[in-house]
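Scroll down for the structure; my scribbles are underneath it.
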Amino acid sequence: MKKYNVGIIGATGMVGQRFALLLSKHPWFDVKVVAASPRSAGKKLKDAIGSRWAMTEPMPESIADLTVMDATADVEKIAKEVDFVFCAVDMKKDEIRALEERYAKAECPVVSNNSAHRGTPDVPMVVPEINPEHIEIIKAQRKRLGTKRGFIAVKSNCSIQSYVPALHPLRKYGLKNVLACTYQAISGAGKTFETWPEMVDNLIPYIGGEEEKSENEPLKVWGKINGDVIENAQAPNITTQCLRVAVSDGHTAAVFVSFDNKPSKEEILEAWKNFSGVPQELKLPSAPERFLHYFEEDNRPQAKLDRMLEGGMAVSIGRLREDKQYDYKFVCLSHNTLRGAAGGAVLLAELLAAKGYFD
Ligand SMILES: NC(=O)c1ccc[n+]([C@@H]2O[C@H](COP(=O)([O-])OP(=O)(O)OC[C@H]3O[C@@H](n4cnc5c(N)ncnc54)[C@H](OP(=O)(O)O)[C@@H]3O)[C@@H](O)[C@H]2O)c1
C-alpha cells in the first residue's frame, strides 16, 4: 500500500493526542502536519500540549518537535503539504462546518470526528463494519462542492459505537424499539480527573446534545443512498438517556430491545459470534480480528478490564437475557477515544485509502 502524508487538525486535544499515538506506528499514514488554535500555533507540539498530555504512553518523538500550524489561517498551506487531514476540534458547530468545507474545497479530504457535518445528507457517517457502502455518496458531495479530490467523511458519535454494533447483526429480526442508557467516560468531554476533579466520586445526569445524537445518528448509519443523498432508516424507534460517570475511558450502554420477529437467545449469540465486516475482509491495519466479543461472565464487560480489547477497537457485550417489558436486554462497552473517536476515524481513513479515495 502507498504511503499517505496526513495532518492532524486539533492535534493538542484529547482526540488529537490519540491520533498522534495511533498514527506514530501506522503502516500507511505519516503525520507531516499538526494544527490547532492560534493559542498553540507557532509552538512545538510538545510545548503546546505541555501538561495537557493525557495519554498513558509518552508523546511520540516523531511528532513532539513539529511546529503547530494555525488550523484556520493556514488551511491552504496545510492542504498543499498533506494528502488528507483528520479533524477533531472544539469550536462552534457553524465554524467547524465552514472550516471542514474550506479544507475539502482546497482539495484536501477531511476525515472528521466532529459532529458538525453528521447531518449533512451527502456526507457519509461511517462505522466501517456497518455501512462502508455509504462512502459512495462522496461522488455526489464532490459534485456539490465542485472538487476533484476534496470531500468530508465523518465518524459517528462515540455514544452509539457501543450499542449500534451490537444491534446491527440483529436487524434481520426487525429491530422495533430500542432503549439505551449510556454511562459515558470523562475523556469523552476531553477531560481527565486532574482537569475535572468534580467528577471524582460523581455522576452527572446530563451531557449536552448527546441524547439527540444517540437517538438520531443510528438512523443515518442504517440509512440508504438514494440519488445524491443518504436517506435515514425509519426504524427502530430509539430512546436514550446519557449519563457522565466517574470513569476515565470507555462508554458503557445498557440496552433494551424488542423485535418484529423475536429471535432465540442462541440466535442472537450466533449472530454476534459470526459477525464480520469489510474491514475484516480487507484486513485493514486497525480492524479488530473480531468486532463483537460476548462475555459469559455476569460481571463483564467492565470499563477498566475490557475497554482495551483488540487495541480498543472491539466492542464487548455481556449479560444478554430476556426482559419483562422488552424482548431482551444486554450491556455493551466500547473505548470512546479509540473505537469511538480517533481509532474509528483511522479505520474509516484506511477504508477510504483502500478504496482509492485519497488518490
Ligand atoms: N473526546 C472524545 O471521546 C470524542 C469522541 C468523539 C468525538 N469527539 C469530538 O472531537 C472534537 C474534539 O474533542 P476533544 O475531546 O479532543 O476536545 P479537546 O480536548 O478540548 O481539544 C480541542 C482541540 O480543538 C482545538 N481548538 C479549539 N479552538 C480552536 C480554534 N478556534 N481553531 C482551531 N483549533 C481549535 C484545540 O486547540 P488548542 O489546544 O490550541 O486550544 C484542541 O486541539 C469535538 O468536536 C468532540 O465533539 C470527541
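Labels used: A, B, ... for chains in the order of the C-alpha cells, numbers from 1 for residues in each chain, and numbers from 1 for ligands as shown.
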
Backbone-only DSSP, strand (DSSP E) members of range 202-233 of chain A, as a list in words: Leu203, Ile204, Lys224, Ile225, Asn226, Val229, Ile230 and Glu231 of chain A

9 Å contact set for Val127 in chain A, only C-alpha atoms, chain neighbours under 6 positions out, as a list in words: Lys155, Ser156, Gln161, Pro165, Val221, Gly344, Ala345, Leu347 and Leu348 of chain A

Within 6 Å of ligand 1, counting only C-alpha atoms and all ligand atoms, residues as a PyMOL selection string: chain A and resi 10-16+36-37+39-40+71-72+88-91+113-114+157-158+187-190+336-337+340-341

Prev. selection, N, CA and C atoms, output as a compact mmCIF listing (two decimals), in the first residue's frame:
```
# COMPACT_ATOMS: atom_id res chain seq x y z
N GLY A 10 -6.42 19.90 15.33
CA GLY A 10 -6.84 19.69 16.73
C GLY A 10 -5.88 18.76 17.43
N ALA A 11 -4.61 18.82 17.01
CA ALA A 11 -3.60 17.84 17.49
C ALA A 11 -3.31 17.96 18.99
N THR A 12 -3.62 19.11 19.58
CA THR A 12 -3.31 19.29 21.00
C THR A 12 -4.40 18.74 21.92
N GLY A 13 -5.56 18.38 21.36
CA GLY A 13 -6.70 17.97 22.19
C GLY A 13 -6.66 16.49 22.56
N MET A 14 -7.70 16.07 23.26
CA MET A 14 -7.79 14.69 23.74
C MET A 14 -7.81 13.71 22.56
N VAL A 15 -8.65 13.98 21.58
CA VAL A 15 -8.73 13.08 20.42
C VAL A 15 -7.47 13.23 19.57
N GLY A 16 -7.00 14.47 19.42
CA GLY A 16 -5.77 14.72 18.66
C GLY A 16 -4.59 13.94 19.23
N ALA A 36 -3.69 23.50 15.38
CA ALA A 36 -4.63 23.74 16.49
C ALA A 36 -5.03 25.21 16.45
N SER A 37 -5.42 25.75 17.60
CA SER A 37 -5.91 27.14 17.63
C SER A 37 -4.72 28.11 17.56
N ARG A 39 -3.79 29.91 19.79
CA ARG A 39 -3.09 29.85 21.09
C ARG A 39 -1.88 28.92 21.02
N SER A 40 -1.98 27.87 20.20
CA SER A 40 -0.90 26.88 20.12
C SER A 40 0.00 27.09 18.91
N ALA A 71 -4.89 26.13 12.49
CA ALA A 71 -5.88 25.32 11.77
C ALA A 71 -6.75 26.15 10.83
N THR A 72 -6.99 27.40 11.17
CA THR A 72 -7.88 28.24 10.36
C THR A 72 -7.10 29.11 9.38
N ALA A 88 -10.42 17.06 14.64
CA ALA A 88 -11.12 16.92 15.93
C ALA A 88 -10.89 18.20 16.71
N VAL A 89 -11.76 19.18 16.52
CA VAL A 89 -11.57 20.48 17.15
C VAL A 89 -12.77 20.87 18.02
N ASP A 90 -12.48 21.68 19.02
CA ASP A 90 -13.54 22.16 19.90
C ASP A 90 -13.85 23.60 19.50
N MET A 91 -14.76 23.75 18.56
CA MET A 91 -15.15 25.09 18.10
C MET A 91 -16.67 25.09 17.95
N ASN A 113 -13.97 13.85 13.25
CA ASN A 113 -14.58 13.37 14.49
C ASN A 113 -15.66 14.30 14.98
N ASN A 114 -15.78 15.43 14.34
CA ASN A 114 -16.71 16.45 14.83
C ASN A 114 -18.14 16.13 14.38
N ASN A 157 -21.03 9.63 16.51
CA ASN A 157 -20.78 9.98 17.91
C ASN A 157 -20.28 8.74 18.67
N CYS A 158 -19.44 9.02 19.70
CA CYS A 158 -18.87 7.90 20.47
C CYS A 158 -19.93 7.11 21.23
N SER A 187 -13.24 11.22 29.49
CA SER A 187 -12.39 11.58 28.34
C SER A 187 -13.26 11.97 27.14
N GLY A 188 -14.51 11.56 27.14
CA GLY A 188 -15.45 11.96 26.09
C GLY A 188 -15.70 13.46 26.09
N ALA A 189 -15.41 14.10 27.22
CA ALA A 189 -15.55 15.56 27.28
C ALA A 189 -14.18 16.22 27.16
N GLY A 190 -13.18 15.42 26.71
CA GLY A 190 -11.82 15.96 26.59
C GLY A 190 -11.15 16.17 27.94
N ASN A 336 -14.12 4.96 24.09
CA ASN A 336 -14.67 6.16 23.43
C ASN A 336 -13.65 6.97 22.66
N THR A 337 -12.37 6.98 23.08
CA THR A 337 -11.43 7.79 22.27
C THR A 337 -10.70 6.92 21.25
N GLY A 340 -14.37 4.81 19.51
CA GLY A 340 -15.38 5.87 19.47
C GLY A 340 -14.90 7.18 18.89
N ALA A 341 -13.61 7.33 18.69
CA ALA A 341 -13.12 8.62 18.16
C ALA A 341 -11.94 8.39 17.21
```

Distance query Leu45 in chain A at most 7 Å, only C-alpha atoms, self and fewer than 6 positions along chain excluded, as a PyMOL selection string: chain A and resi 64-68

Contact residues around Asp30 in chain A with only C-alpha atoms at 8 Å, ignoring same-chain residues under 3 positions, as a VMD selection string: chain A and resid 3 to 6 23 to 24 26

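In this model, the gap between CA of Trp272 in chain A and CA of Met308 in chain A comes to 19.0 Å.
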
Pick from A:Ala314, A:Val126, A:Ala153, A:Ala54, whichever lies nearest to Ala104 in chain A using only C-alpha atoms: A:Ala153

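With only C-alpha atoms taken into account, the protein and nucleic acid residues at most 12 Å from Lys2 in chain A (excluding it and anything under 4 positions from it in its own chain) are A:Pro27, A:Trp28, A:Phe29, A:Asp30, A:Asp83, A:Glu350, A:Ala353, A:Ala354, A:Gly356, A:Phe358, A:Asp359.
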
Backbone DSSP call of helix (DSSP H, G or I) for range 24-109 of chain A, listed as number ranges by chain: A: 24, 45-52, 61-64, 75-81, 93-105

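Proximity of A:Arg18, A:His117, A:His251, A:Lys213 to Thr182 in chain A, computed with only C-alpha atoms, is greatest for A:His251.
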
Selection: 10 Å around range 297-304 of chain A, only C-alpha atoms, excl. self and same-chain fewer than 6 positions, as a CSV table (one decimal) with C-alpha atoms, in the first residue's frame:
```csv
chain,number,residue,atom,x,y,z
A,185,ALA,CA,-16.4,8.3,30.4
A,247,VAL,CA,-14.7,6.5,34.5
A,248,SER,CA,-11.6,7.7,32.7
A,249,ASP,CA,-12.1,5.9,29.3
A,250,GLY,CA,-14.8,3.6,28.0
A,251,HIS,CA,-18.5,4.2,27.3
A,252,THR,CA,-21.0,1.6,28.6
A,315,VAL,CA,-17.0,-3.9,21.2
A,316,SER,CA,-17.6,-6.0,24.4
A,317,ILE,CA,-21.1,-7.4,25.1
A,318,GLY,CA,-22.5,-9.2,28.1
A,319,ARG,CA,-25.5,-10.0,30.3
A,320,LEU,CA,-27.9,-11.0,27.4
A,331,VAL,CA,-24.8,-4.4,28.3
A,332,CYS,CA,-22.1,-3.3,25.9
A,333,LEU,CA,-18.9,-1.3,26.1
A,334,SER,CA,-16.5,0.4,23.7
A,335,HIS,CA,-13.4,2.6,24.1
```

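Ranking A:Leu284, A:Leu167, A:Ala254, A:Cys108 by their shortest atom-to-atom distance to Leu269 in chain A, with only C-alpha atoms included, puts A:Leu167 first.
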
Lys172 in chain A environment, 10 Å, only C-alpha atoms, sequence neighbours closer than 4 positions dropped, as a ChimeraX atom specification: /A:167-168,259-261,263,271

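What separates CA of Phe19 in chain A from CA of Arg144 in chain A is a distance of 29.4 Å.
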
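Each of A:Tyr163, A:Phe193, A:Tyr183, A:Phe86 was compared to Ile238 in chain A using only C-alpha atoms, and A:Tyr163 turns out to be the nearest.
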
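The spacing separating CA of Glu266 in chain A from CA of His293 in chain A amounts to 14.7 Å.
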
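Distances here use only C-alpha atoms; by that measure, the residue among A:Gly174, A:Ala180, A:Ser51, A:Cys242 closest to Ile207 in chain A is A:Cys242.
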
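Each of A:Pro218, A:Gly50, A:Gly150, A:Pro124 was compared to Tyr103 in chain A using only C-alpha atoms, and A:Gly150 turns out to be the nearest.
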